[in-house]
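Source file: structure16.pdb (PDB, C-alpha atoms, pLDDT in the B column)
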```
ATOM      1  CA  GLN A   1     -11.764 -12.023 -29.846  1.00 93.00           C
ATOM      2  CA  VAL A   2     -12.069 -10.325 -26.482  1.00 94.00           C
ATOM      3  CA  GLN A   3      -9.861  -7.303 -25.985  1.00 96.00           C
ATOM      4  CA  LEU A   4      -9.364  -4.825 -23.179  1.00 97.00           C
ATOM      5  CA  VAL A   5      -7.502  -1.712 -24.242  1.00 97.00           C
ATOM      6  CA  GLU A   6      -6.222   0.823 -21.742  1.00 97.00           C
ATOM      7  CA  SER A   7      -5.535   4.442 -22.599  1.00 97.00           C
ATOM      8  CA  GLY A   8      -4.790   7.696 -20.830  1.00 98.00           C
ATOM      9  CA  GLY A   9      -1.432   6.920 -19.316  1.00 97.00           C
ATOM     10  CA  GLY A  10       1.521   9.268 -19.550  1.00 98.00           C
ATOM     11  CA  LEU A  11       3.972  11.458 -17.710  1.00 98.00           C
ATOM     12  CA  VAL A  12       2.672  13.814 -15.042  1.00 98.00           C
ATOM     13  CA  GLN A  13       4.191  15.834 -12.242  1.00 98.00           C
ATOM     14  CA  ALA A  14       3.541  14.973  -8.632  1.00 98.00           C
ATOM     15  CA  GLY A  15       0.216  16.408  -7.532  1.00 98.00           C
ATOM     16  CA  GLY A  16      -1.215  16.125 -11.011  1.00 98.00           C
ATOM     17  CA  SER A  17      -4.069  14.038 -12.365  1.00 98.00           C
ATOM     18  CA  LEU A  18      -4.683  11.456 -15.037  1.00 98.00           C
ATOM     19  CA  ARG A  19      -7.742   9.564 -16.174  1.00 98.00           C
ATOM     20  CA  LEU A  20      -7.266   6.024 -17.413  1.00 98.00           C
ATOM     21  CA  SER A  21      -9.846   4.360 -19.614  1.00 98.00           C
ATOM     22  CA  CYS A  22     -10.349   0.711 -20.453  1.00 98.00           C
ATOM     23  CA  ALA A  23     -12.436  -0.088 -23.487  1.00 97.00           C
ATOM     24  CA  ALA A  24     -13.616  -3.649 -23.958  1.00 97.00           C
ATOM     25  CA  SER A  25     -14.577  -5.332 -27.194  1.00 95.00           C
ATOM     26  CA  GLY A  26     -15.578  -8.810 -28.248  1.00 95.00           C
ATOM     27  CA  ARG A  27     -18.081  -9.299 -25.434  1.00 95.00           C
ATOM     28  CA  THR A  28     -20.009  -7.277 -22.938  1.00 94.00           C
ATOM     29  CA  PHE A  29     -18.855  -6.945 -19.340  1.00 94.00           C
ATOM     30  CA  SER A  30     -21.918  -5.145 -18.020  1.00 92.00           C
ATOM     31  CA  SER A  31     -22.573  -7.943 -15.495  1.00 92.00           C
ATOM     32  CA  SER A  32     -18.957  -8.370 -14.417  1.00 94.00           C
ATOM     33  CA  THR A  33     -16.823  -6.827 -11.723  1.00 96.00           C
ATOM     34  CA  MET A  34     -14.050  -4.773 -13.246  1.00 96.00           C
ATOM     35  CA  GLY A  35     -10.745  -3.777 -11.759  1.00 97.00           C
ATOM     36  CA  TRP A  36      -7.477  -1.936 -12.061  1.00 98.00           C
ATOM     37  CA  PHE A  37      -4.101  -3.299 -11.049  1.00 98.00           C
ATOM     38  CA  ARG A  38      -0.571  -1.932 -11.337  1.00 98.00           C
ATOM     39  CA  GLN A  39       2.966  -3.189 -11.461  1.00 98.00           C
ATOM     40  CA  ALA A  40       6.019  -1.114 -10.670  1.00 97.00           C
ATOM     41  CA  PRO A  41       9.492  -2.167 -11.834  1.00 93.00           C
ATOM     42  CA  GLY A  42      10.838  -5.003  -9.733  1.00 95.00           C
ATOM     43  CA  LYS A  43       7.608  -5.381  -7.798  1.00 97.00           C
ATOM     44  CA  PRO A  44       4.696  -7.808  -8.058  1.00 97.00           C
ATOM     45  CA  ARG A  45       1.421  -6.735  -9.614  1.00 98.00           C
ATOM     46  CA  GLU A  46      -0.926  -5.264  -7.028  1.00 98.00           C
ATOM     47  CA  PHE A  47      -4.581  -4.432  -6.699  1.00 98.00           C
ATOM     48  CA  VAL A  48      -5.590  -0.782  -7.119  1.00 98.00           C
ATOM     49  CA  ALA A  49      -9.378  -0.550  -7.389  1.00 98.00           C
ATOM     50  CA  SER A  50     -12.469  -2.502  -8.398  1.00 97.00           C
ATOM     51  CA  ILE A  51     -16.152  -1.877  -9.044  1.00 97.00           C
ATOM     52  CA  ASN A  52     -19.099  -4.221  -9.149  1.00 95.00           C
ATOM     53  CA  TRP A  53     -21.406  -4.570 -12.131  1.00 93.00           C
ATOM     54  CA  GLY A  54     -23.738  -1.719 -11.225  1.00 92.00           C
ATOM     55  CA  GLY A  55     -21.233   0.596  -9.596  1.00 91.00           C
ATOM     56  CA  SER A  56     -22.815   0.329  -6.139  1.00 94.00           C
ATOM     57  CA  SER A  57     -19.767  -1.322  -4.600  1.00 95.00           C
ATOM     58  CA  THR A  58     -16.148  -0.264  -4.952  1.00 97.00           C
ATOM     59  CA  SER A  59     -12.881  -1.269  -3.330  1.00 97.00           C
ATOM     60  CA  TYR A  60      -9.574   0.558  -3.167  1.00 98.00           C
ATOM     61  CA  ALA A  61      -6.077  -0.198  -2.057  1.00 98.00           C
ATOM     62  CA  ASP A  62      -5.195   1.777   1.068  1.00 98.00           C
ATOM     63  CA  SER A  63      -2.427   3.532  -0.831  1.00 98.00           C
ATOM     64  CA  VAL A  64      -4.873   5.164  -3.255  1.00 98.00           C
ATOM     65  CA  LYS A  65      -7.967   5.744  -1.109  1.00 98.00           C
ATOM     66  CA  GLY A  66      -9.146   9.312  -1.333  1.00 98.00           C
ATOM     67  CA  ARG A  67      -7.047   9.978  -4.440  1.00 98.00           C
ATOM     68  CA  PHE A  68      -8.327   7.495  -7.041  1.00 98.00           C
ATOM     69  CA  THR A  69     -11.887   6.910  -8.204  1.00 98.00           C
ATOM     70  CA  ILE A  70     -13.079   3.988 -10.268  1.00 98.00           C
ATOM     71  CA  SER A  71     -16.203   4.237 -12.399  1.00 97.00           C
ATOM     72  CA  ARG A  72     -17.834   2.499 -15.320  1.00 96.00           C
ATOM     73  CA  ASP A  73     -20.143   3.109 -18.256  1.00 96.00           C
ATOM     74  CA  ASN A  74     -21.822  -0.175 -19.116  1.00 95.00           C
ATOM     75  CA  ALA A  75     -23.441   1.288 -22.203  1.00 96.00           C
ATOM     76  CA  LYS A  76     -19.960   1.945 -23.588  1.00 96.00           C
ATOM     77  CA  ASN A  77     -18.430  -1.254 -22.176  1.00 96.00           C
ATOM     78  CA  THR A  78     -15.789   0.984 -20.670  1.00 97.00           C
ATOM     79  CA  TRP A  79     -14.487   1.704 -17.210  1.00 96.00           C
ATOM     80  CA  TYR A  80     -12.257   4.377 -15.829  1.00 98.00           C
ATOM     81  CA  LEU A  81      -9.740   5.221 -13.170  1.00 98.00           C
ATOM     82  CA  GLN A  82      -9.547   8.879 -12.205  1.00 98.00           C
ATOM     83  CA  MET A  83      -6.237   9.489 -10.463  1.00 98.00           C
ATOM     84  CA  SER A  84      -5.626  12.694  -8.549  1.00 98.00           C
ATOM     85  CA  ASN A  85      -2.862  14.018  -6.328  1.00 98.00           C
ATOM     86  CA  LEU A  86      -0.475  11.588  -7.987  1.00 98.00           C
ATOM     87  CA  LYS A  87       2.724  10.641  -6.211  1.00 98.00           C
ATOM     88  CA  PRO A  88       6.025   9.293  -7.572  1.00 97.00           C
ATOM     89  CA  GLU A  89       5.220   5.964  -5.914  1.00 97.00           C
ATOM     90  CA  ASP A  90       2.181   5.663  -8.204  1.00 98.00           C
ATOM     91  CA  THR A  91       4.562   5.157 -11.117  1.00 98.00           C
ATOM     92  CA  ALA A  92       3.750   1.789 -12.672  1.00 98.00           C
ATOM     93  CA  VAL A  93       2.164   0.016 -15.579  1.00 98.00           C
ATOM     94  CA  TYR A  94      -1.580   0.021 -14.990  1.00 98.00           C
ATOM     95  CA  TYR A  95      -3.729  -2.883 -16.130  1.00 98.00           C
ATOM     96  CA  CYS A  96      -7.476  -3.168 -16.404  1.00 98.00           C
ATOM     97  CA  ALA A  97      -9.123  -6.506 -15.842  1.00 97.00           C
ATOM     98  CA  ALA A  98     -12.508  -8.209 -15.838  1.00 96.00           C
ATOM     99  CA  ALA A  99     -13.784 -10.759 -13.338  1.00 95.00           C
ATOM    100  CA  THR A 100     -16.497 -12.515 -15.326  1.00 88.00           C
ATOM    101  CA  THR A 101     -17.511 -14.894 -12.533  1.00 86.00           C
ATOM    102  CA  VAL A 102     -18.009 -12.045 -10.065  1.00 81.00           C
ATOM    103  CA  SER A 103     -20.670  -9.384 -10.339  1.00 79.00           C
ATOM    104  CA  GLY A 104     -22.141  -8.373  -6.990  1.00 86.00           C
ATOM    105  CA  TRP A 105     -19.062  -7.268  -5.124  1.00 87.00           C
ATOM    106  CA  ALA A 106     -15.847  -5.453  -5.897  1.00 89.00           C
ATOM    107  CA  THR A 107     -13.384  -8.259  -5.450  1.00 91.00           C
ATOM    108  CA  THR A 108      -9.734  -7.470  -4.764  1.00 91.00           C
ATOM    109  CA  ARG A 109      -8.536 -11.004  -5.553  1.00 93.00           C
ATOM    110  CA  MET A 110      -6.270 -10.987  -8.575  1.00 94.00           C
ATOM    111  CA  ASN A 111      -7.029 -14.596  -9.450  1.00 94.00           C
ATOM    112  CA  ALA A 112     -10.715 -13.725  -9.867  1.00 94.00           C
ATOM    113  CA  TYR A 113      -9.895 -11.678 -12.972  1.00 96.00           C
ATOM    114  CA  THR A 114      -9.881 -13.634 -16.202  1.00 95.00           C
ATOM    115  CA  TYR A 115      -9.440 -10.968 -18.873  1.00 97.00           C
ATOM    116  CA  TRP A 116      -6.586  -8.479 -18.842  1.00 98.00           C
ATOM    117  CA  GLY A 117      -5.502  -5.502 -20.885  1.00 97.00           C
ATOM    118  CA  GLN A 118      -1.976  -4.968 -22.136  1.00 97.00           C
ATOM    119  CA  GLY A 119      -1.233  -2.142 -19.721  1.00 97.00           C
ATOM    120  CA  THR A 120      -0.545   1.565 -19.912  1.00 98.00           C
ATOM    121  CA  GLN A 121       2.446   3.330 -18.385  1.00 98.00           C
ATOM    122  CA  VAL A 122       1.921   6.005 -15.752  1.00 98.00           C
ATOM    123  CA  THR A 123       4.999   7.941 -14.707  1.00 98.00           C
ATOM    124  CA  VAL A 124       4.867  10.531 -11.939  1.00 98.00           C
ATOM    125  CA  SER A 125       7.856  12.834 -11.644  1.00 98.00           C
ATOM    126  CA  SER A 126       8.829  14.515  -8.392  1.00 93.00           C
TER
END
```

So, in terms of structure tokens, how does the structure I just supplied come out?
Amino acid sequence: QVQLVESGGGLVQAGGSLRLSCAASGRTFSSSTMGWFRQAPGKPREFVASINWGGSSTSYADSVKGRFTISRDNAKNTWYLQMSNLKPEDTAVYYCAAATTVSGWATTRMNAYTYWGQGTQVTVSS
């Protein structure tokens, strides 16, 4: 059974940092593009960041550029989202996802992602 498990969420003050991790099991995703999405209360899920299989290509939502960094460790079947200078508007449930039919580019298309984690809550207080 394939599972993606996020960790690292929590409560942080504005300006603070958090590092989210997503550990995959059940299959390897070393040749897949991986991504992070988020969903705030009452809002649709939105793209945050993605990284291609080798880490040479990344994409970010404009709202997080310069503050968030996505990375991956294929040997550990794990990828990360380092979040810095957090703002209250970053408050959301964060989901990791795998796009198994995409490898060479960091796609932002939500419908390209076929495996999803259960989400981890990030709350940024002002």

Margin query: Considering all atoms listed in the file, can you say which of A:Tyr60, A:Trp53, A:Trp105, A:Phe68 comes closest to A:Leu18?
Written below: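 Looking at the shortest contact to A:Leu18, the residue is A:Phe68.
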
Expected selection from the PyMOL selection byres ((chain A and resi 113-126) around 8), given as a CSV table (one decimal) with C-alpha atoms, in the frame of the given file:
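The file below, selection_37.csv, is the result:
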```csv
chain,number,residue,atom,x,y,z
A,3,GLN,CA,-9.9,-7.3,-26.0
A,4,LEU,CA,-9.4,-4.8,-23.2
A,5,VAL,CA,-7.5,-1.7,-24.2
A,6,GLU,CA,-6.2,0.8,-21.7
A,7,SER,CA,-5.5,4.4,-22.6
A,8,GLY,CA,-4.8,7.7,-20.8
A,9,GLY,CA,-1.4,6.9,-19.3
A,10,GLY,CA,1.5,9.3,-19.6
A,11,LEU,CA,4.0,11.5,-17.7
A,12,VAL,CA,2.7,13.8,-15.0
A,13,GLN,CA,4.2,15.8,-12.2
A,14,ALA,CA,3.5,15.0,-8.6
A,22,CYS,CA,-10.3,0.7,-20.5
A,86,LEU,CA,-0.5,11.6,-8.0
A,87,LYS,CA,2.7,10.6,-6.2
A,88,PRO,CA,6.0,9.3,-7.6
A,89,GLU,CA,5.2,6.0,-5.9
A,90,ASP,CA,2.2,5.7,-8.2
A,91,THR,CA,4.6,5.2,-11.1
A,92,ALA,CA,3.8,1.8,-12.7
A,93,VAL,CA,2.2,0.0,-15.6
A,94,TYR,CA,-1.6,0.0,-15.0
A,95,TYR,CA,-3.7,-2.9,-16.1
A,96,CYS,CA,-7.5,-3.2,-16.4
A,97,ALA,CA,-9.1,-6.5,-15.8
A,98,ALA,CA,-12.5,-8.2,-15.8
A,99,ALA,CA,-13.8,-10.8,-13.3
A,100,THR,CA,-16.5,-12.5,-15.3
A,109,ARG,CA,-8.5,-11.0,-5.6
A,110,MET,CA,-6.3,-11.0,-8.6
A,111,ASN,CA,-7.0,-14.6,-9.4
A,112,ALA,CA,-10.7,-13.7,-9.9
```

For this session: Quick one: everything within 7 Å of stretch 70-81 of chain A, counting all atoms listed in the file, minus sequence neighbours fewer than 5 positions away in the same chain. Send it as a ChimeraX atom specification.
Result: /A:19-24,28-30,49-51,55

- Could you state the separation of atom CA of A:Asp62 and atom CA of A:Gln39 in Å, given to one decimal place?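 Between atom CA of A:Asp62 and atom CA of A:Gln39 the gap works out to 15.8 Å.
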
- Using the chain letters and numbers from the file, give me the residues hit by the PyMOL selection byres ((chain A and resi 103) around 7), as a list in words.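 Answer for the PyMOL selection byres ((chain A and resi 103) around 7): Ser31, Ser32, Thr33, Asn52, Trp53, Thr101, Val102, Gly104 and Trp105 of chain A.
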
- How many Å lie between atom CA of A:Ser25 and atom CA of A:Phe37, rounded to one decimal?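 Atom CA of A:Ser25 sits 19.4 Å away from atom CA of A:Phe37.
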
Practice item. Take atom CA of A:Gln82 and atom CA of A:Ser17 and report the distance between them in Å, one decimal. Key: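 Interatomic distance, atom CA of A:Gln82 to atom CA of A:Ser17: 7.5 Å.
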
Shortest contact to A:Thr108, candidates A:Pro41, A:Arg67, A:Arg27, A:Phe47, atoms counted only C-alpha atoms, goes to A:Phe47

Between A:Asn85, A:Gly16, A:Glu46, A:Gly54, smallest distance to A:Met34 by only C-alpha atoms belongs to A:Gly54

*asked:* With distances taken over only C-alpha atoms, which residue among A:Arg45, A:Gly15, A:Ser59, A:Arg38 lies nearest A:Ala106?
replied: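 Once distances to A:Ala106 are computed over only C-alpha atoms, the minimum belongs to A:Ser59.
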